[in-house]
$ cat structure23.csv   # CSV, C-alpha atoms
chain,number,residue,atom,x,y,z
A,226,MET,CA,14.4,41.1,14.7
A,227,LEU,CA,13.0,38.6,17.2
A,228,TRP,CA,10.1,41.0,17.9
A,229,LEU,CA,9.3,41.3,14.2
A,230,LEU,CA,9.4,37.4,13.9
A,231,PHE,CA,7.1,37.1,16.9
A,232,LYS,CA,4.7,39.7,15.6
A,233,THR,CA,4.6,38.1,12.1
A,234,PHE,CA,4.1,34.5,13.3
A,235,PHE,CA,1.6,35.6,16.0
A,236,LEU,CA,-0.6,37.1,13.3
A,237,ILE,CA,-0.2,34.0,11.1
A,238,GLY,CA,-1.0,31.8,14.0
A,239,LEU,CA,-4.2,33.7,14.6
A,240,PHE,CA,-5.5,32.8,11.1
A,241,SER,CA,-4.1,29.3,10.7
A,242,PHE,CA,-7.2,27.2,10.7
A,243,GLY,CA,-6.2,23.6,10.8
A,244,GLY,CA,-2.5,24.3,10.6
A,245,GLY,CA,-2.2,22.7,7.2
A,246,TYR,CA,-1.3,23.7,3.7
A,247,ALA,CA,-3.9,26.5,3.5
A,248,ILE,CA,-1.7,28.6,5.7
A,249,ILE,CA,1.4,28.1,3.6
A,250,PRO,CA,0.6,31.0,1.2
A,251,VAL,CA,0.1,33.3,4.2
A,252,ILE,CA,3.5,32.4,5.6
A,253,GLU,CA,5.0,32.7,2.2
A,254,ALA,CA,3.5,36.2,1.6
A,255,GLU,CA,4.8,37.5,4.9
A,256,VAL,CA,8.4,36.1,4.9
A,257,VAL,CA,9.0,37.0,1.2
A,258,ARG,CA,7.6,40.5,1.8
A,259,GLN,CA,9.9,40.9,4.8
A,260,GLY,CA,12.8,39.9,2.5
A,261,TRP,CA,13.7,37.0,4.8
A,262,ILE,CA,13.5,34.2,2.3
A,263,THR,CA,12.9,33.7,-1.4
A,264,THR,CA,9.9,31.7,-2.8
A,265,GLN,CA,12.3,29.0,-4.0
A,266,GLN,CA,14.0,28.6,-0.6
A,267,PHE,CA,10.5,28.6,0.9
A,268,THR,CA,9.5,25.6,-1.2
A,269,ASP,CA,12.5,23.7,0.2
A,270,ILE,CA,11.5,24.7,3.7
A,271,VAL,CA,8.0,23.4,3.1
A,272,ALA,CA,9.5,20.2,1.7
A,273,VAL,CA,11.6,19.6,4.8
A,274,ALA,CA,8.7,20.6,7.1
A,275,GLY,CA,6.5,18.1,5.3
A,276,MET,CA,9.0,15.4,5.8
A,277,SER,CA,9.1,15.9,9.6
A,278,PRO,CA,6.4,14.8,12.0
A,279,GLY,CA,4.2,17.5,13.4
A,280,PRO,CA,1.9,20.2,11.9
A,281,ILE,CA,3.2,21.5,8.6
A,282,ALA,CA,2.5,25.1,9.4
A,283,THR,CA,4.2,25.1,12.8
A,284,ASN,CA,7.1,23.1,11.3
A,285,THR,CA,7.5,25.7,8.5
A,286,ALA,CA,7.5,28.5,11.1
A,287,VAL,CA,10.2,26.8,13.1
A,288,PHE,CA,12.3,26.1,10.1
A,289,THR,CA,11.9,29.7,8.8
A,290,GLY,CA,12.7,31.1,12.2
A,291,TYR,CA,15.8,29.0,12.5
A,292,GLN,CA,17.0,30.0,9.0
A,293,ILE,CA,16.5,33.7,9.9
A,294,ASN,CA,17.8,33.9,13.4
A,295,GLY,CA,19.1,30.5,14.7
A,296,TRP,CA,17.8,28.8,17.8
A,297,SER,CA,16.2,32.0,19.3
A,298,GLY,CA,14.4,32.5,15.9
A,299,ALA,CA,13.0,29.0,16.0
A,300,VAL,CA,11.8,29.2,19.6
A,301,VAL,CA,10.2,32.6,19.1
A,302,SER,CA,8.5,31.5,15.8
A,303,ALA,CA,7.1,28.3,17.4
A,304,ALA,CA,5.8,30.2,20.5
A,305,ALA,CA,4.3,33.0,18.4
A,306,MET,CA,2.5,30.4,16.2
A,307,VAL,CA,1.0,28.5,19.1
A,308,LEU,CA,0.1,31.3,21.5
A,309,PRO,CA,-3.1,32.6,19.6
A,310,SER,CA,-4.5,29.1,19.4
A,311,LEU,CA,-3.6,28.4,23.0
A,312,PHE,CA,-5.6,31.4,24.2
A,313,ILE,CA,-8.5,30.7,21.9
A,314,VAL,CA,-8.6,27.0,23.0
A,315,LEU,CA,-8.6,28.1,26.6
A,316,VAL,CA,-11.4,30.6,26.1
A,317,VAL,CA,-13.5,28.1,24.2
A,318,ALA,CA,-12.8,25.3,26.7
A,319,MET,CA,-13.9,27.6,29.5
A,320,PHE,CA,-16.9,29.3,28.0
A,321,PHE,CA,-18.1,28.0,24.6
A,322,TYR,CA,-17.9,24.3,24.9
A,323,ARG,CA,-20.8,23.8,22.5
A,324,LEU,CA,-19.4,26.1,19.9
A,325,ASN,CA,-19.6,23.5,17.2
A,326,HIS,CA,-23.4,23.4,17.3
A,327,ASN,CA,-23.7,27.1,16.8
A,328,ARG,CA,-25.4,28.1,13.5
A,329,VAL,CA,-23.2,31.2,13.0
A,330,MET,CA,-20.1,29.1,13.4
A,331,LYS,CA,-21.4,26.7,10.8
A,332,SER,CA,-22.1,29.6,8.5
A,333,VAL,CA,-18.6,30.9,9.0
A,334,PHE,CA,-17.1,27.5,8.0
A,335,TYR,CA,-19.5,27.3,5.1
A,336,GLY,CA,-17.7,30.2,3.6
A,337,LEU,CA,-14.2,29.5,5.0
A,338,ARG,CA,-13.8,26.0,3.6
A,339,PRO,CA,-14.0,26.8,-0.1
A,340,VAL,CA,-11.6,29.7,0.6
A,341,VAL,CA,-9.2,27.2,2.1
A,342,ILE,CA,-9.3,25.1,-1.1
A,343,ALA,CA,-8.5,28.2,-3.0
A,344,LEU,CA,-5.6,29.0,-0.7
A,345,ILE,CA,-4.2,25.6,-1.1
A,346,LEU,CA,-4.5,25.6,-4.9
A,347,TYR,CA,-2.9,29.1,-4.9
A,348,ALA,CA,0.0,27.8,-2.9
A,349,ALA,CA,0.4,24.9,-5.4
A,350,ILE,CA,0.3,27.3,-8.4
A,351,LYS,CA,2.8,29.7,-6.9
A,352,PHE,CA,5.2,26.9,-6.0
A,353,ALA,CA,4.9,25.3,-9.5
A,354,LEU,CA,5.7,28.7,-11.1
A,355,SER,CA,8.7,29.4,-8.9
A,356,ASN,CA,10.1,25.9,-9.4
A,357,GLY,CA,10.1,26.2,-13.1
A,358,MET,CA,7.4,23.7,-13.7
A,359,ALA,CA,5.9,26.0,-16.3
A,360,ALA,CA,9.1,27.5,-17.6
A,361,GLY,CA,8.8,26.4,-21.2
A,362,ILE,CA,8.5,23.4,-23.3
A,363,ASN,CA,11.7,21.4,-22.7
A,364,ALA,CA,12.9,18.1,-21.4
A,365,HIS,CA,13.6,19.5,-17.9
A,366,THR,CA,10.1,21.0,-17.4
A,367,ALA,CA,8.6,17.8,-18.7
A,368,SER,CA,10.5,15.7,-16.2
A,369,LEU,CA,9.3,17.9,-13.4
A,370,LEU,CA,5.8,17.5,-14.6
A,371,VAL,CA,6.2,13.7,-14.7
A,372,ILE,CA,7.4,13.7,-11.1
A,373,PHE,CA,4.4,15.9,-10.1
A,374,LEU,CA,1.9,13.7,-11.8
A,375,VAL,CA,3.4,10.4,-10.6
A,376,SER,CA,3.5,11.8,-7.0
A,377,LEU,CA,-0.1,12.9,-7.2
A,378,TYR,CA,-1.1,9.5,-8.6
A,379,ALA,CA,0.7,7.7,-5.8
A,380,LEU,CA,-0.9,10.0,-3.1
A,381,ILE,CA,-4.5,9.8,-4.5
A,382,LYS,CA,-4.7,6.3,-6.0
A,383,ARG,CA,-2.1,4.3,-4.1
A,384,HIS,CA,-2.5,6.0,-0.7
A,385,THR,CA,1.3,6.3,-0.5
A,386,HIS,CA,2.5,8.0,2.7
A,387,PRO,CA,3.5,11.7,1.9
A,388,ALA,CA,6.9,11.4,3.5
A,389,TYR,CA,7.6,8.3,1.4
A,390,VAL,CA,6.6,10.2,-1.8
A,391,LEU,CA,9.0,13.1,-0.9
A,392,VAL,CA,11.9,10.7,-0.2
A,393,MET,CA,11.4,8.8,-3.5
A,394,ALA,CA,11.2,12.1,-5.4
A,395,GLY,CA,14.5,13.1,-3.7
A,396,ILE,CA,16.2,9.9,-4.7
A,397,ILE,CA,14.9,10.3,-8.3
A,398,GLY,CA,16.2,13.9,-8.3
A,399,MET,CA,19.6,12.8,-7.1
A,400,ALA,CA,19.7,10.2,-9.8
A,401,PHE,CA,18.7,12.4,-12.7
A,402,TYR,CA,19.6,16.0,-11.9
A,403,SER,CA,23.2,15.7,-10.7
B,27,MET,CA,2.8,18.4,39.9
B,28,LYS,CA,3.2,14.7,39.3
B,29,GLN,CA,0.1,14.7,37.2
B,30,LEU,CA,1.3,17.7,35.2
B,31,PHE,CA,4.5,15.9,34.4
B,32,ASP,CA,2.5,12.8,33.5
B,33,ILE,CA,0.5,15.0,31.0
B,34,PHE,CA,3.6,16.5,29.6
B,35,LEU,CA,5.2,13.0,29.1
B,36,THR,CA,2.1,11.5,27.5
B,37,PHE,CA,1.9,14.2,24.9
B,38,PHE,CA,5.6,14.2,24.4
B,39,LYS,CA,5.4,10.5,23.5
B,40,LEU,CA,2.4,11.0,21.2
B,41,SER,CA,3.9,13.9,19.3
B,42,PRO,CA,6.3,12.3,16.8
B,43,ILE,CA,3.4,10.2,15.4
B,44,THR,CA,1.5,13.3,14.3
B,45,PHE,CA,2.9,12.9,10.9
B,46,GLY,CA,1.0,14.7,8.1
B,47,GLY,CA,-2.0,16.0,10.0
B,48,GLY,CA,-3.3,15.6,13.5
B,49,TYR,CA,-5.8,12.9,12.6
B,50,ALA,CA,-3.1,10.2,12.9
B,51,MET,CA,-3.3,11.1,16.6
B,52,ILE,CA,-6.9,10.1,17.2
B,53,PRO,CA,-6.5,6.3,17.7
B,54,VAL,CA,-3.4,6.7,19.8
B,55,ILE,CA,-5.0,9.4,22.0
B,56,GLN,CA,-8.0,7.2,22.5
B,57,GLN,CA,-5.7,4.4,23.6
B,58,GLU,CA,-3.5,6.5,25.9
B,59,ILE,CA,-5.9,9.0,27.3
B,60,VAL,CA,-9.2,7.0,27.4
B,61,GLU,CA,-8.2,3.4,27.9
B,62,LYS,CA,-4.8,3.5,29.6
B,63,LYS,CA,-4.9,6.6,31.8
B,64,ARG,CA,-8.7,6.9,32.0
B,65,TRP,CA,-8.4,10.7,32.1
B,66,LEU,CA,-11.4,11.3,29.8
B,67,GLU,CA,-14.4,9.5,28.3
B,68,GLU,CA,-14.3,8.5,24.7
B,69,GLU,CA,-17.2,10.8,23.6
B,70,GLU,CA,-15.5,13.7,25.2
B,71,VAL,CA,-12.3,13.1,23.2
B,72,ALA,CA,-14.3,12.9,19.9
B,73,ASP,CA,-16.0,16.3,20.8
B,74,LEU,CA,-12.6,17.9,21.6
B,75,PHE,CA,-11.2,16.8,18.2
B,76,ALA,CA,-14.1,18.3,16.4
B,77,LEU,CA,-13.8,21.6,18.3
B,78,SER,CA,-10.0,21.7,17.8
B,79,GLY,CA,-10.5,21.7,14.0
B,80,SER,CA,-12.6,24.8,14.1
B,81,ILE,CA,-10.1,26.9,16.1
B,82,PRO,CA,-7.0,28.5,14.4
B,83,GLY,CA,-3.9,26.4,14.9
B,84,ALA,CA,-2.8,22.8,14.3
B,85,ILE,CA,-5.4,20.2,15.2
B,86,ALA,CA,-2.8,18.1,17.0
B,87,ILE,CA,-1.7,21.0,19.2
B,88,ASN,CA,-5.2,22.3,19.8
B,89,THR,CA,-6.4,18.8,20.9
B,90,ALA,CA,-3.5,18.5,23.3
B,91,THR,CA,-4.3,21.9,24.8
B,92,PHE,CA,-8.0,21.0,25.1
B,93,ILE,CA,-7.3,17.6,26.7
B,94,GLY,CA,-4.7,19.1,29.0
B,95,TYR,CA,-7.3,21.7,30.2
B,96,ARG,CA,-10.0,19.1,30.7
B,97,ILE,CA,-7.6,17.1,32.9
B,98,ALA,CA,-5.9,19.7,35.0
B,99,GLY,CA,-7.1,23.2,34.1
B,100,ILE,CA,-4.8,25.9,32.7
B,101,PRO,CA,-1.5,24.3,34.0
B,102,GLY,CA,-2.6,21.1,32.3
B,103,ALA,CA,-3.2,22.9,29.0
B,104,VAL,CA,0.2,24.5,29.1
B,105,PHE,CA,2.0,21.3,29.9
B,106,ALA,CA,0.2,19.3,27.3
B,107,THR,CA,0.9,22.0,24.6
B,108,ILE,CA,4.6,22.1,25.4
B,109,GLY,CA,4.7,18.4,25.6
B,110,VAL,CA,3.2,17.9,22.1
B,111,MET,CA,5.4,20.6,20.6
B,112,VAL,CA,8.9,19.9,22.0
B,113,PRO,CA,9.7,16.6,20.0
B,114,THR,CA,8.7,17.9,16.6
B,115,PHE,CA,10.3,21.2,17.3
B,116,PHE,CA,13.7,19.6,17.9
B,117,ILE,CA,13.3,17.3,14.9
B,118,VAL,CA,12.6,20.3,12.6
B,119,VAL,CA,15.5,22.4,14.1
B,120,VAL,CA,17.9,19.4,13.5
B,121,LEU,CA,16.7,19.1,9.9
B,122,SER,CA,17.0,22.8,9.5
B,123,ILE,CA,20.6,22.7,10.6
B,124,PHE,CA,21.3,19.9,8.2
B,125,TYR,CA,19.6,21.9,5.4
B,126,GLY,CA,21.9,24.8,6.2
B,127,PHE,CA,25.0,22.7,5.9
B,128,PHE,CA,24.1,20.6,2.8
B,129,HIS,CA,21.7,22.6,0.6
B,130,ASP,CA,24.6,23.9,-1.5
B,131,HIS,CA,25.9,20.4,-2.1
B,132,PRO,CA,25.2,19.4,-5.7
B,133,LYS,CA,23.7,16.0,-4.7
B,134,VAL,CA,21.3,17.6,-2.2
B,135,GLU,CA,20.4,20.4,-4.7
B,136,ALA,CA,19.6,17.6,-7.2
B,137,ALA,CA,17.4,15.9,-4.6
B,138,PHE,CA,15.5,19.1,-3.9
B,139,GLU,CA,15.0,19.6,-7.6
B,140,GLY,CA,13.1,16.3,-7.6
B,141,ILE,CA,11.3,17.0,-4.3
B,142,ARG,CA,9.9,20.4,-5.4
B,143,PRO,CA,7.4,19.0,-7.9
B,144,ALA,CA,6.4,16.3,-5.3
B,145,VAL,CA,5.7,19.1,-2.8
B,146,VAL,CA,3.4,20.7,-5.4
B,147,ALA,CA,1.7,17.3,-5.7
B,148,LEU,CA,1.4,17.1,-1.9
B,149,ILE,CA,-0.3,20.5,-1.8
B,150,VAL,CA,-2.7,19.6,-4.6
B,151,PHE,CA,-3.5,16.4,-2.7
B,152,ALA,CA,-4.3,18.4,0.4
B,153,ALA,CA,-6.9,20.3,-1.6
B,154,TYR,CA,-8.2,17.1,-3.2
B,155,LYS,CA,-8.8,15.6,0.3
B,156,ILE,CA,-11.0,18.4,1.5
B,157,ARG,CA,-12.9,19.0,-1.7
B,158,LYS,CA,-16.0,17.0,-0.6
B,159,SER,CA,-16.4,18.8,2.7
B,160,ALA,CA,-15.5,22.2,1.3
B,161,VAL,CA,-17.3,22.4,-2.0
B,162,VAL,CA,-20.8,21.1,-1.0
B,163,ASP,CA,-22.9,23.0,-3.5
B,164,LYS,CA,-22.7,25.6,-6.4
B,165,THR,CA,-22.4,28.5,-4.0
B,166,THR,CA,-19.3,27.1,-2.3
B,167,PHE,CA,-17.8,26.3,-5.7
B,168,ALA,CA,-18.3,29.9,-6.7
B,169,VAL,CA,-16.7,31.1,-3.4
B,170,ALA,CA,-13.7,28.9,-4.1
B,171,ALA,CA,-13.4,30.2,-7.6
B,172,ALA,CA,-13.8,33.8,-6.6
B,173,ALA,CA,-11.2,33.4,-3.8
B,174,LEU,CA,-8.7,31.9,-6.3
B,175,VAL,CA,-9.2,34.7,-8.7
B,176,LEU,CA,-8.7,37.3,-5.9
B,177,LEU,CA,-5.4,35.6,-4.9
B,178,LEU,CA,-4.0,34.9,-8.3
B,179,PHE,CA,-4.9,38.0,-10.3
B,180,PHE,CA,-5.7,40.7,-7.8
B,181,HIS,CA,-2.9,39.7,-5.3
B,182,ILE,CA,-5.2,40.2,-2.3
B,183,HIS,CA,-3.4,39.2,0.9
B,184,PRO,CA,-4.4,35.6,1.9
B,185,VAL,CA,-5.4,36.8,5.4
B,186,LEU,CA,-7.9,39.2,3.9
B,187,VAL,CA,-9.3,36.5,1.7
B,188,ILE,CA,-9.8,34.3,4.7
B,189,ALA,CA,-11.7,37.1,6.5
B,190,LEU,CA,-13.8,37.7,3.3
B,191,GLY,CA,-14.6,33.9,3.2
B,192,ALA,CA,-15.9,33.9,6.7
B,193,ALA,CA,-18.0,37.0,6.1
B,194,ALA,CA,-19.3,35.5,2.8
B,195,GLY,CA,-20.3,32.4,4.7
B,196,VAL,CA,-22.5,34.3,7.2
B,197,LEU,CA,-23.9,36.5,4.4
B,198,LEU,CA,-24.7,33.7,2.0
B,199,ILE,CA,-26.4,31.5,4.7
B,200,GLY,CA,-28.3,34.6,5.8
B,201,VAL,CA,-29.5,35.3,2.3
B,202,LYS,CA,-30.4,31.6,1.7
B,203,ASP,CA,-32.3,31.5,5.0
B,204,ARG,CA,-34.4,34.6,3.9
B,205,LEU,CA,-35.1,32.9,0.6
B,206,GLY,CA,-36.0,29.7,2.4
B,207,ILE,CA,-33.3,27.7,0.6
B,208,LYS,CA,-32.0,24.7,2.5
B,209,THR,CA,-28.2,24.6,2.9
B,210,ALA,CA,-25.5,22.3,4.2
B,211,VAL,CA,-25.8,24.1,7.5
B,212,ASP,CA,-29.3,22.7,8.0
B,213,ASP,CA,-28.4,19.2,6.9
B,214,SER,CA,-27.8,17.4,10.2
B,215,SER,CA,-27.2,14.1,8.4
B,216,GLN,CA,-24.0,15.6,7.1
B,217,GLN,CA,-21.3,15.6,9.7
B,218,LEU,CA,-20.6,19.3,9.3
B,219,ASP,CA,-20.1,19.9,13.0
B,220,TYR,CA,-17.8,17.0,13.4
B,221,PHE,CA,-14.3,17.6,12.0
B,222,MET,CA,-15.5,21.1,11.1
B,223,GLY,CA,-12.0,22.1,10.0
B,224,ALA,CA,-10.9,18.6,8.9
B,225,ASP,CA,-7.7,18.6,7.0
B,226,ILE,CA,-7.7,22.3,6.5
$ encode --input "structure23.csv" --output "structure tokens"
Amino acid sequence: MLWLLFKTFFLIGLFSFGGGYAIIPVIEAEVVRQGWITTQQFTDIVAVAGMSPGPIATNTAVFTGYQINGWSGAVVSAAAMVLPSLFIVLVVAMFFYRLNHNRVMKSVFYGLRPVVIALILYAAIKFALSNGMAAGINAHTASLLVIFLVSLYALIKRHTHPAYVLVMAGIIGMAFYS
Amino acid sequence: MKQLFDIFLTFFKLSPITFGGGYAMIPVIQQEIVEKKRWLEEEEVADLFALSGSIPGAIAINTATFIGYRIAGIPGAVFATIGVMVPTFFIVVVLSIFYGFFHDHPKVEAAFEGIRPAVVALIVFAAYKIRKSAVVDKTTFAVAAAALVLLLFFHIHPVLVIALGAAAGVLLIGVKDRLGIKTAVDDSSQQLDYFMGADI
């Protein structure tokens, strides 16, 4: 089990450019495929990971690892996520210090960045579907959409801190959905 | 050994402030590493941040590894990496334990019911933040649209889409070069090399 966790998160770590939301669908695809966690549970994990300090992708890996196999699962997932970048950073630091000024690297990122936007939107759409935000025309779906729109407005226009938005949404949920 | 412990402790203290993306770290790193400890020059730290964004992994962790290496070689890199990871690791595990105990509680379930759409908003916001640096012209817009179609309707594995995106970048720039079309890659006024992987 631990070996499988290690292998999975090592591969994810290898592709996790930026360690942000772009890598969330990759983690989701893998952990759901392995049958470790459902998409709905995974949304909760991302929520909690987003409320904690630290990189969202690493946090998600640690949380998932803990849910699957306790402390050892968390340690193995964290180590597996960070090892690929540790090696790559060391190699770059030793040999390719001027990597950023390389034309090929720039070309790679020219294609990589729009893909990252697509990955992030894909994660958003998948989560919205699994959370019943498009489940039909009723009051509940509408209320979820309102929370979504108000949160987005607060983040973009009011520059509200993401953690604060999540906490407020939690309080509203507690008030209205219980 | 004393210096290694010092590196560990410095990044241990920095870690909890890396809330929502590693860029929150920049001013604090500058203060601690450049001004207080005088381990590195300011320009060097800026360069390291830019590089860290273009390597897989979280920017905060990569930067720590980089700076650790510049100060004390491979041992420095390892101590800095562990230092920056340990605090957030424990915070997440503690939250994970709480989640395990309480997620069946009706109040907590209700809270998560409200939080889930906010998480979707948070993710859309992440895309919104990088739109300007990611979609720089019609070609990149087409790449983004094609990638979304591949993911949504053809269920192509995200890792494969990432690899395709990198290949498409090299290919498209190559074609545009042949045709003599100027691209964002040539535009040195655009800070493409700085924060190359910003907010990804």
$ closest_residue --input "structure23.csv" --among "A:Pro339, A:Gly357, A:Pro309, A:Gly260" --to "chain B" --atoms "all atoms listed in the file"
A:Pro339
$ residues_near_point --input "structure23.csv" --point "(0.5, 19.4, -0.7)" --cutoff "12 Å" --atoms "only C-alpha atoms" --output "PyMOL selection string"
(chain A and resi 245-250+268+271-272+274-276+281-282+342+344-350+352-353+373+376-377+380-381+387-388+390-391) or (chain B and resi 46-47+141-156+225-226)
$ closest_residue --input "structure23.csv" --among "A:His384, A:Arg338, A:Lys331, A:Lys351" --to "B:Lys158" --atoms "all atoms listed in the file"
A:Arg338
$ residues_around --input "structure23.csv" --residues "B:Leu40" --least-positions-apart "5" --cutoff "9 Å" --atoms "only C-alpha atoms" --output "VMD selection string"
chain B and resid 35 51 54 to 55 58 109 to 110
$ closest_residue --input "structure23.csv" --among "B:Ala98, B:Ile81, B:Ile87, B:Val211" --to "B:Ile199" --atoms "all atoms listed in the file"
B:Val211
$ atom_distance --input "structure23.csv" --atom1 "atom CA of B:Gly99" --atom2 "atom CA of A:Ala318"
9.6 Å
$ atom_distance --input "structure23.csv" --atom1 "atom CA of A:Met358" --atom2 "atom CA of B:Glu139"
10.6 Å
$ atom_distance --input "structure23.csv" --atom1 "atom CA of B:Val60" --atom2 "atom CA of A:Ile313"
24.3 Å
$ residues_near_point --input "structure23.csv" --point "(13.2, 32.1, 8.7)" --cutoff "10 Å" --atoms "all atoms listed in the file" --output "PyMOL selection string"
chain A and resi 230+256-257+260-262+266-267+270+285-295+298-299+302
$ closest_residue --input "structure23.csv" --among "B:Leu198, B:Ile108, B:Leu205, B:Ala136" --to "chain A" --atoms "all atoms listed in the file"
B:Ala136
$ residues_around --input "structure23.csv" --residues "stretch 164-177 of chain B" --least-positions-apart "4" --cutoff "6 Å" --atoms "only C-alpha atoms" --output "count of residues only"
5
$ closest_residue --input "structure23.csv" --among "B:Ala192, B:Leu74, B:Val112, B:Ala210" --to "chain A" --atoms "only C-alpha atoms"
B:Ala192
$ residues_around --input "structure23.csv" --residues "A:Ser403" --least-positions-apart "5" --cutoff "10 Å" --atoms "all atoms listed in the file" --output "PyMOL selection string"
(chain A and resi 398) or (chain B and resi 132-137+139)
